[in-house]
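Step one of this worksheet: look at the structure below.
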2 protein chains.
Amino acid sequence: MKKIPHRLYLTEEQLPKQWYSLRTDMKNKPAPLLNPATHKPLKEEELYPIFCKTAAKEEMDDTTAYFDIPEEILEIYKVYRPSPLSRAYDLERVLETPAKIYYKFEGNNTSGSHKLNSAVAQAYYAKKEGITRLTTETGAGQWGTALAIACSYFGINLDVYMVKVSYNQKPDRKSIIETFGANIIPSPSNTTNAGRAILAADPNTHGSLGCAISEAVEVAVTTDNCKYVLGSVLNQVVLHQSVIGLETYEAMNILGEKPDIIIGCAGGGSNLGGLIAPFMRDKLQGKSDVRIVAVEPASCPSLTRGKFAYDFADTGKITPLAKMYTLGCEFKPSANHAGGLRYHGMSPILSQLYHDGYMEAISVEQTKVFEAAAIFARAETILPAPESAHAIYGAIEEAKKCKETGEAKTIVFGLTGTGYFDLRAYNDFRSGSMTDHIPTDEELEEGFKKLPKF
Amino acid sequence: MKKIPHRLYLTEEQLPKQWYSLRTDMKNKPAPLLNPATHKPLKEEELYPIFCKTAAKEEMDDTTAYFDIPEEILEIYKVYRPSPLSRAYDLERVLETPAKIYYKFEGNNTSGSHKLNSAVAQAYYAKKEGITRLTTETGAGQWGTALAIACSYFGINLDVYMVKVSYNQKPDRKSIIETFGANIIPSPSNTTNAGRAILAADPNTHGSLGCAISEAVEVAVTTDNCKYVLGSVLNQVVLHQSVIGLETYEAMNILGEKPDIIIGCAGGGSNLGGLIAPFMRDKLQGKSDVRIVAVEPASCPSLTRGKFAYDFADTGKITPLAKMYTLGCEFKPSANHAGGLRYHGMSPILSQLYHDGYMEAISVEQTKVFEAAAIFARAETILPAPESAHAIYGAIEEAKKCKETGEAKTIVFGLTGTGYFDLRAYNDFRSGSMTDHIPTDEELEEGFKKLPKF
C-alpha cells in the first residue's frame with residue numbers, strides 16, 4: 001500500500017491553469033444581484049462604477065465553467081503557491097481516531113491566509129485597466145494584508161477600512177499593511193458619509209464588515225480612477241479561490257484518496273466555496289455523495305439561524321442587493337476574535353447550495369474553537385487563526401464520531417490561515433477570560449425586521 | 001533549456017536521512033572546549049551535568065561524518081519540512097540584475113525560523129533520556145518559540161530566559177511560547193544568582209544572550225532531572241542545521257545549478273553553518289571554489305572586528321571555554337532589532353573556517369538591512385525577519401555588482417525566518433527613528449581586555 005506523505009506539494013507544472021466556476025453546474029443558480037433602487041436585476045455595466053470591468057464580468061458570468069488564469073497572475077501564484085495538502089498524522093494519534101484527516105494549509109504566505117489568491121487577481125485587473133487606487137474593508141486584517149501585498153507588487157495605491165474592534169485588537173496588522181505601502185483607517189471613521197452616520201447612531205460601535213464595506217464603496221464611487229474590491233462573498237472571489245479546491249482535488253487524486261467529508265469555516269464563504277468547488281461539481285453532477293460542512297461562529301450564525309432573503313452587502317445600504325442567508329445588514333455581531341467571520345451575510349452561491357440541501361452547517365462558541373485550536377497546535381506544530389480553528393473544531397468532532405463508530409472516514413478541512421496576529425485572543429482563552437455572546441431569538445428578529453421589503 | 005520553477009520542494013523521499021558533520025572534513029578542527037577551572041580539554045562526561053548525553057556525544061564527536069537522523073525526529077521533520085528553495089525572479093527583475101538569486105526559506109513554520117530543526121532534536125533526546133525539564137535562553141524569540149513547540153510535542157517542561165530588550169519589544173513572543181505550554185522569564189531576572197549579579201552591576205541593562213545563557217545553565221545544573229539546551233553556536237546545533245544545506249544541495253542538483261556565492265546572516269552561526277555544510281564539504285575537499293559570505297550587524301561584529309580567542313559562551317562565566325571569534329563575553333551590544341544576532345561570540349566551527357580563509361564576512365548597519373528587507377518584501381511577497389534581512393542585504397549587494405559587471409552569477413542565500421513579530425522594528429524604520437550604534441575601537445578594546453588569560 002502506498003504510504004501517504006505528511007505533506008504533499010504539487011509541482012509547478014501541476015498547478016491549476018484555470019479557475020472553475022461552481023455556478024455553471026448548479027441547477028438553481030444563485031439569484032441575480034438587484035439594483036437597490038429599482039429592484040430589477042443588475043446589468044454588468046451597472047457594476048462598473050464600483051468594480052473593475054474584468055471583475056464585473058466575472059461577477060455576472062453564469063455560463064463559463066473554466067476561466068483561464070492570466071499569465072501575470074499565474075506568475076505571482078507561483079511565488080507563494082502551491083500550498084501543501086497535509087495528512088494530520090499527529091492529530092489522528094492524539095485523538096486516537098481511525099479517521100484519516102487531511103488539511104489544505106493556506107497560511108504559508110505573509111498575508112497569513114488564502115486571501116492572497118483573490119487579492120492578486122483583483123489588483124492585477126486594476127493595473128490592466130489603468131486604475132490607480134483601490135479601496136477595501138478588512139475584518140481580522142488578513143484580507144487587508146493580502147491586498148496590500150498584491151497592490152505593492154503591482155504598484156497600485158490602496159486604502160483599507162479595518163473593522164474598529166479588530167484594528168484595536170491587532171496593532172501589528174496596521175504596521176504590516178503600512179509596510180507594504182497601503183493606508184489603513186479604523187471603521188467606522190469620519191472620512192465618509194456612511195461612517196459619520198454610523199458613528200452618530202452609535203459612537204461606541206465595534207464596527208462591522210458591513211459598515212467598513214459602506215465606507216470603502218463610498219470612497220471608490222466618489223474618487224477618480226478608483227475602484228472597490230471585496231475579499232469574500234462575491235461570485236468572483238469564490239471563482240478565484242477555486243484554486244484551493246482544484247489543488248486539493250489534484251493532490252487527493254495523486255494520493256488515491258477520496259474525501260467522505262469536507263469541512264471549512266464560513267464567514268463570507270470565499271474559502272469554503274473555493275475549497276469545495278471541484279468536489280461540489282462532482283456532487284452536482286451526481287458522481288459523488290461527499291458531505292460538505294460549514295462551521296460558523298455561534299455569535300454570527302448566518303447559515304444556521306439566518307433568513308434566505310435579499311439583503312444589502314453593507315450596513316450603509318449602498319450596495320446592490322444579494323439573495324443570501326443573512327442576519328440583516330444592521331446586525332451587530334459581538335466582539336468575537338474570529339474577525340474574518342463577523343459578517344451578517346453569506347456567499348449567494350453557498351447560500352443557494354445550502355438552501356438546496358447540498359451542504360450542512362453547524363455553529364460553535366469561541367471557547368470551544370480555541371480548545372480545538374490548542375489541541376491542533378500542539379499536535380501539528382502550527383498555530384491556527386481563530387477563523388480556521390472553526391474548521392478544526394468541525395474536523396475533530398467528526399474524527400471523534402469515527403472513534404465511536406470505528407469508521408475510518410476521510411476528512412478534509414481547510415486550514416485557511418495562521419494565528420500569529422491573534423495572540424491576544426489566545427491570551428484571553430488561556431486566562432479563562434474569553435466570553436461569547438450567542439444572539440437571542442429576539443435579537444435576531446430585530447435584524448430580520450430590517451430586511452428590505454419587496 | 002530547463003525552466004527553473006519559482007519554488008522547488010523536495011518530496012518526502014528526497015529528504016535527508018542523515019545529518020552531515022562539517023568538522024570531519026576540516027584539516028584544522030575547531031579547538032577543543034576547555035574546562036574553565038583547569039584550562040584542560042573537556043571530556044564528554046564533564047558536559048553531562050549541563051547537556052543530555054546524546055547532545056554531549058554529538059558535541060564532542062570529531063570523526064563521524066554522517067549521523068543517522070532518528071526516526072522520531074524524521075517524523076516531525078516531515079510535519080513542517082521540506083522548506084522550499086525559491087528562485088527570486090521578482091527580486092532579480094526589480095534589481096535589473098543578470099544574477100540568478102535563490103533563497104532557502106526556513107520561515108514556514110510556527111517558530112518562524114530554522115530554529116525548529118535543532119529544537120526537535122534536542123527535545124527528543126531529553127525525552128529519550130527521561131529528562132522532564134529543559135531550560136534555555138532566547139534572543140528575538142525564535143529559538144524560544146521553536147523549543148516550546150518541540151517540548152509541547154514531546155511532553156517536556158520548559159523554562160525560557162528571554163533577553164529583556166526583546167521581551168519588551170515583542171510581547172506576542174511571550175504569548176505564543178505560553179500557548180505551547182512553556183514558562184518565559186525576562187533576563188536578567190531575580191530567579192538566579194547570575195541574573196541577580198548582572199542586575200546589581202547594571203540595573204538598567206538591556207540583557208544579552210550571554211547573560212540569559214548564564215541564567216538558564218544555572219537553573220539546569222541546580223535542578224533535578226533538568227538539562228540545558230542552546231539554539232546556536234554549538235557543534236551539535238550546526239550538525240542538526242545541516243538539514244538546511246543538505247536539502248539545498250539536493251535541490252540545486254535537481255535544478256542543475258551550482259552556486260557561485262552562498263550568503264547567510266551570522267549571529268551564533270547555526271543557520272549559516274547548516275546552510276553551507278555540504279557546499280563547504282566540497283570546498284574543503286578541493287572540489288569547489290564557492291564563495292561563502294557571512295553578514296553580521298555592525299553593532300555586534302564578532303567576525304569582522306572580534307578576536308579569535310578562548311572565551312566563555314555566557315556573561316556569567318560559568319560555561320566551558322570555546323575558541324571562537326568574540327567581542328568578549330561582557331560585551332553589551334546595543335538594542336539592535338535583530339535580536340538573534342546580538343551575541344558576543346561565533347560558532348567555533350565557523351570561526352576556524354573564517355580564520356583559515358574558507359569564508360568571508362561583512363558587517364552592516366540596521367537601517368540598510370531594513371531597506372533591503374523592504375525591497376525584498378515588496379518583490380517576493382514575504383516579510384523577512386531582521387536577522388534574515390542581513391543575508392538579503394548581502395545578496396542584493398552581490399546582485400548589484402553583477403549588474404555592473406554583466407556577470408550572471410548564481411547566488412544562494414538563507415532566508416531564515418519571517419518578521420511577523422518584528423513589526424515595531426519595521427515601524428521604527430518607516431518613521432525614520434531607527435538608529436544604530438557601531439562600537440568604537442575603544443569600546444571593543446574594553447571587551448578584549450576582559451578575555452580569559454592563559
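Residues are named by chain letter and number: chains run A, B, ... in the order of the C-alpha cells, numbers start at 1 in each chain, and ligands are numbered from 1 in the order shown.
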Next item on the list: Could you tell me, as a PyMOL selection string, which residues of stretch 110-270 of chain B DSSP assigns to strand (DSSP E) when given the backbone?
Entry: chain B and resi 133-138+157-163+183-187+226-228+261-265
Based on the selection just made, write N, CA, C and O atoms of those residues as an mmCIF file, in the first residue's frame.
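Result file result-v3.cif:
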```cif
data_model
loop_
_atom_site.group_PDB
_atom_site.id
_atom_site.type_symbol
_atom_site.label_atom_id
_atom_site.label_comp_id
_atom_site.auth_asym_id
_atom_site.auth_seq_id
_atom_site.Cartn_x
_atom_site.Cartn_y
_atom_site.Cartn_z
ATOM 1 N N ARG B 133 12.525 18.303 32.371
ATOM 2 C CA ARG B 133 12.503 19.764 32.238
ATOM 3 C C ARG B 133 13.732 20.228 31.470
ATOM 4 O O ARG B 133 14.834 19.704 31.664
ATOM 5 N N LEU B 134 13.543 21.218 30.608
ATOM 6 C CA LEU B 134 14.661 21.843 29.905
ATOM 7 C C LEU B 134 14.667 23.336 30.204
ATOM 8 O O LEU B 134 13.633 23.928 30.522
ATOM 9 N N THR B 135 15.863 23.938 30.122
ATOM 10 C CA THR B 135 15.957 25.398 30.208
ATOM 11 C C THR B 135 16.719 25.890 28.994
ATOM 12 O O THR B 135 17.540 25.176 28.415
ATOM 13 N N THR B 136 16.428 27.115 28.616
ATOM 14 C CA THR B 136 17.161 27.708 27.503
ATOM 15 C C THR B 136 17.067 29.220 27.577
ATOM 16 O O THR B 136 16.359 29.774 28.428
ATOM 17 N N GLU B 137 17.796 29.880 26.673
ATOM 18 C CA GLU B 137 17.678 31.322 26.510
ATOM 19 C C GLU B 137 17.110 31.586 25.118
ATOM 20 O O GLU B 137 17.115 30.728 24.246
ATOM 21 N N THR B 138 16.606 32.810 24.900
ATOM 22 C CA THR B 138 16.207 33.197 23.547
ATOM 23 C C THR B 138 16.453 34.680 23.370
ATOM 24 O O THR B 138 16.351 35.451 24.326
ATOM 25 N N ASN B 157 8.671 19.797 30.093
ATOM 26 C CA ASN B 157 8.513 21.152 30.651
ATOM 27 C C ASN B 157 9.667 22.037 30.198
ATOM 28 O O ASN B 157 10.782 21.556 29.990
ATOM 29 N N LEU B 158 9.407 23.327 30.104
ATOM 30 C CA LEU B 158 10.436 24.234 29.560
ATOM 31 C C LEU B 158 10.390 25.605 30.223
ATOM 32 O O LEU B 158 9.329 26.196 30.369
ATOM 33 N N ASP B 159 11.581 26.098 30.630
ATOM 34 C CA ASP B 159 11.751 27.487 31.072
ATOM 35 C C ASP B 159 12.598 28.229 30.049
ATOM 36 O O ASP B 159 13.715 27.796 29.738
ATOM 37 N N VAL B 160 12.085 29.353 29.555
ATOM 38 C CA VAL B 160 12.799 30.148 28.549
ATOM 39 C C VAL B 160 13.223 31.480 29.162
ATOM 40 O O VAL B 160 12.369 32.252 29.621
ATOM 41 N N TYR B 161 14.525 31.753 29.180
ATOM 42 C CA TYR B 161 15.026 33.067 29.606
ATOM 43 C C TYR B 161 15.193 33.936 28.360
ATOM 44 O O TYR B 161 16.007 33.622 27.490
ATOM 45 N N MET B 162 14.389 34.998 28.290
ATOM 46 C CA MET B 162 14.395 35.822 27.077
ATOM 47 C C MET B 162 15.098 37.151 27.346
ATOM 48 O O MET B 162 14.808 37.831 28.341
ATOM 49 N N VAL B 163 16.018 37.524 26.466
ATOM 50 C CA VAL B 163 16.756 38.785 26.589
ATOM 51 C C VAL B 163 15.752 39.934 26.778
ATOM 52 O O VAL B 163 14.817 40.078 26.000
ATOM 53 N N ASN B 183 7.203 28.208 30.175
ATOM 54 C CA ASN B 183 7.346 29.408 31.010
ATOM 55 C C ASN B 183 8.345 30.335 30.349
ATOM 56 O O ASN B 183 9.338 29.878 29.791
ATOM 57 N N ILE B 184 8.117 31.649 30.484
ATOM 58 C CA ILE B 184 9.057 32.598 29.902
ATOM 59 C C ILE B 184 9.393 33.660 30.932
ATOM 60 O O ILE B 184 8.506 34.166 31.619
ATOM 61 N N ILE B 185 10.705 33.958 31.088
ATOM 62 C CA ILE B 185 11.194 34.877 32.115
ATOM 63 C C ILE B 185 12.116 35.900 31.441
ATOM 64 O O ILE B 185 13.048 35.505 30.717
ATOM 65 N N PRO B 186 11.867 37.216 31.651
ATOM 66 C CA PRO B 186 12.791 38.197 31.068
ATOM 67 C C PRO B 186 14.139 38.135 31.778
ATOM 68 O O PRO B 186 14.189 37.977 32.994
ATOM 69 N N SER B 187 15.234 38.263 30.992
ATOM 70 C CA SER B 187 16.572 38.112 31.556
ATOM 71 C C SER B 187 17.393 39.387 31.334
ATOM 72 O O SER B 187 17.351 39.944 30.245
ATOM 73 N N CYS B 226 16.896 17.953 35.042
ATOM 74 C CA CYS B 226 16.732 19.135 34.191
ATOM 75 C C CYS B 226 18.030 19.366 33.417
ATOM 76 O O CYS B 226 19.118 19.244 33.986
ATOM 77 N N LYS B 227 17.927 19.631 32.126
ATOM 78 C CA LYS B 227 19.123 19.911 31.323
ATOM 79 C C LYS B 227 18.932 21.237 30.583
ATOM 80 O O LYS B 227 17.819 21.743 30.449
ATOM 81 N N TYR B 228 20.075 21.734 30.117
ATOM 82 C CA TYR B 228 20.096 22.995 29.373
ATOM 83 C C TYR B 228 20.238 22.686 27.886
ATOM 84 O O TYR B 228 20.928 21.732 27.502
ATOM 85 N N ILE B 261 28.115 31.926 -5.061
ATOM 86 C CA ILE B 261 28.228 32.610 -3.769
ATOM 87 C C ILE B 261 27.100 32.115 -2.868
ATOM 88 O O ILE B 261 25.950 32.014 -3.310
ATOM 89 N N ILE B 262 27.423 31.806 -1.621
ATOM 90 C CA ILE B 262 26.392 31.473 -0.635
ATOM 91 C C ILE B 262 26.485 32.484 0.494
ATOM 92 O O ILE B 262 27.577 32.762 1.000
ATOM 93 N N ILE B 263 25.324 33.035 0.876
ATOM 94 C CA ILE B 263 25.289 34.145 1.832
ATOM 95 C C ILE B 263 24.339 33.815 2.966
ATOM 96 O O ILE B 263 23.224 33.340 2.740
ATOM 97 N N GLY B 264 24.777 34.070 4.184
ATOM 98 C CA GLY B 264 23.887 33.859 5.319
ATOM 99 C C GLY B 264 24.123 34.898 6.390
ATOM 100 O O GLY B 264 25.225 35.461 6.489
ATOM 101 N N CYS B 265 23.089 35.174 7.193
ATOM 102 C CA CYS B 265 23.298 36.028 8.353
ATOM 103 C C CYS B 265 24.039 35.212 9.403
ATOM 104 O O CYS B 265 23.963 33.975 9.407
#
```
Checklist line | Distance-based interface of chain A with chain B, 6 Å, counting only C-alpha atoms, as a list in words | finding: His6, Lys78, Val79, Asn108, Thr110, Ser152, Tyr153, Arg378 and Ile382 of chain A
Let me see the file: selected residues, N, CA and C atoms, as a short mmCIF file (atom, residue, chain, number, x, y, z; two decimals), in the first residue's frame.
```
data_model
loop_
_atom_site.label_atom_id
_atom_site.label_comp_id
_atom_site.auth_asym_id
_atom_site.auth_seq_id
_atom_site.Cartn_x
_atom_site.Cartn_y
_atom_site.Cartn_z
N HIS A 6 3.42 13.15 4.78
CA HIS A 6 2.86 14.13 5.70
C HIS A 6 2.37 15.36 4.94
N LYS A 78 2.82 31.41 -8.45
CA LYS A 78 3.99 30.52 -8.31
C LYS A 78 4.98 31.02 -7.26
N VAL A 79 4.89 32.32 -6.92
CA VAL A 79 5.80 32.85 -5.89
C VAL A 79 5.44 32.27 -4.52
N ASN A 108 0.82 29.74 4.60
CA ASN A 108 2.25 29.96 4.40
C ASN A 108 2.57 31.08 3.42
N THR A 110 2.77 35.74 3.54
CA THR A 110 2.81 36.84 4.52
C THR A 110 1.43 37.41 4.83
N SER A 152 1.10 46.38 -3.64
CA SER A 152 2.52 46.73 -3.64
C SER A 152 3.22 46.08 -4.82
N TYR A 153 2.89 44.82 -5.08
CA TYR A 153 3.51 44.07 -6.18
C TYR A 153 3.19 44.70 -7.52
N ARG A 378 -0.60 21.93 19.26
CA ARG A 378 0.38 21.09 19.95
C ARG A 378 0.68 19.81 19.19
N ILE A 382 1.45 23.89 14.19
CA ILE A 382 1.01 25.13 13.52
C ILE A 382 0.00 25.85 14.41
#
```
Next item on the list: Just the residues within 12 Å of B:Lys57, please, counting only C-alpha atoms, with nothing from its chain fewer than 6 positions along; format it as an MDAnalysis selection string.
Entry: chainID B and resid 43:48 51 63:64 67 125 235:236 239
Next item on the list: Please return as a PyMOL selection string: the residues of stretch 112-293 of chain A that backbone DSSP assigns to helix (DSSP H, G or I).
Entry: chain A and resi 116-128+142-154+164-169+171-179+193-201+209-221+235-255+270-284
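When atom CA of B:Asn193 is paired with atom CA of B:Pro49, their separation reads 17.8 Å.
Between atom CA of B:Ile318 and atom CA of B:Pro30 there is a distance of 20.7 Å.
If you measure from each of A:Gly345, A:Gly256, A:Pro203, A:Gly406 to A:Ala322 using only C-alpha atoms, the closest one turns out to be A:Gly345.
For the pair atom CA of A:Asp224 and atom CA of A:Ala313, the interatomic distance is 23.1 Å.
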Proximity of stretch 293-338 of chain B to stretch 407-413 of chain B: per-residue shortest pair, 12 Å limit, only C-alpha atoms, as JSON lines:
```
{"residue": "B:Val293", "atom": "CA", "partner": "B:Phe413", "partner_atom": "CA", "distance": 9.3}
{"residue": "B:Ala294", "atom": "CA", "partner": "B:Phe413", "partner_atom": "CA", "distance": 10.1}
{"residue": "B:Val295", "atom": "CA", "partner": "B:Phe413", "partner_atom": "CA", "distance": 10.6}
```
Can those selected residues be exported to a file as a PDB file, in the first residue's frame so that it contains N, CA, C and O atoms?
```
ATOM      1  N   VAL B 293      29.801  33.922   2.281  1.00  0.00           N
ATOM      2  CA  VAL B 293      29.829  35.249   2.904  1.00  0.00           C
ATOM      3  C   VAL B 293      28.899  35.280   4.116  1.00  0.00           C
ATOM      4  O   VAL B 293      27.694  35.026   3.993  1.00  0.00           O
ATOM      5  N   ALA B 294      29.459  35.599   5.275  1.00  0.00           N
ATOM      6  CA  ALA B 294      28.672  35.819   6.493  1.00  0.00           C
ATOM      7  C   ALA B 294      28.336  37.306   6.592  1.00  0.00           C
ATOM      8  O   ALA B 294      29.192  38.149   6.344  1.00  0.00           O
ATOM      9  N   VAL B 295      27.088  37.622   6.953  1.00  0.00           N
ATOM     10  CA  VAL B 295      26.688  39.021   7.141  1.00  0.00           C
ATOM     11  C   VAL B 295      26.262  39.205   8.585  1.00  0.00           C
ATOM     12  O   VAL B 295      25.361  38.521   9.069  1.00  0.00           O
TER      13      VAL B 295
END
```
Checklist line | Residues near stretch 365-370 of chain B, cut-off 10 Å, only C-alpha atoms, skip fewer than 4 positions along chain, as a ChimeraX atom specification | finding: /B:296-300,336-338,374-376,384-394,425-426,428-430,432-438
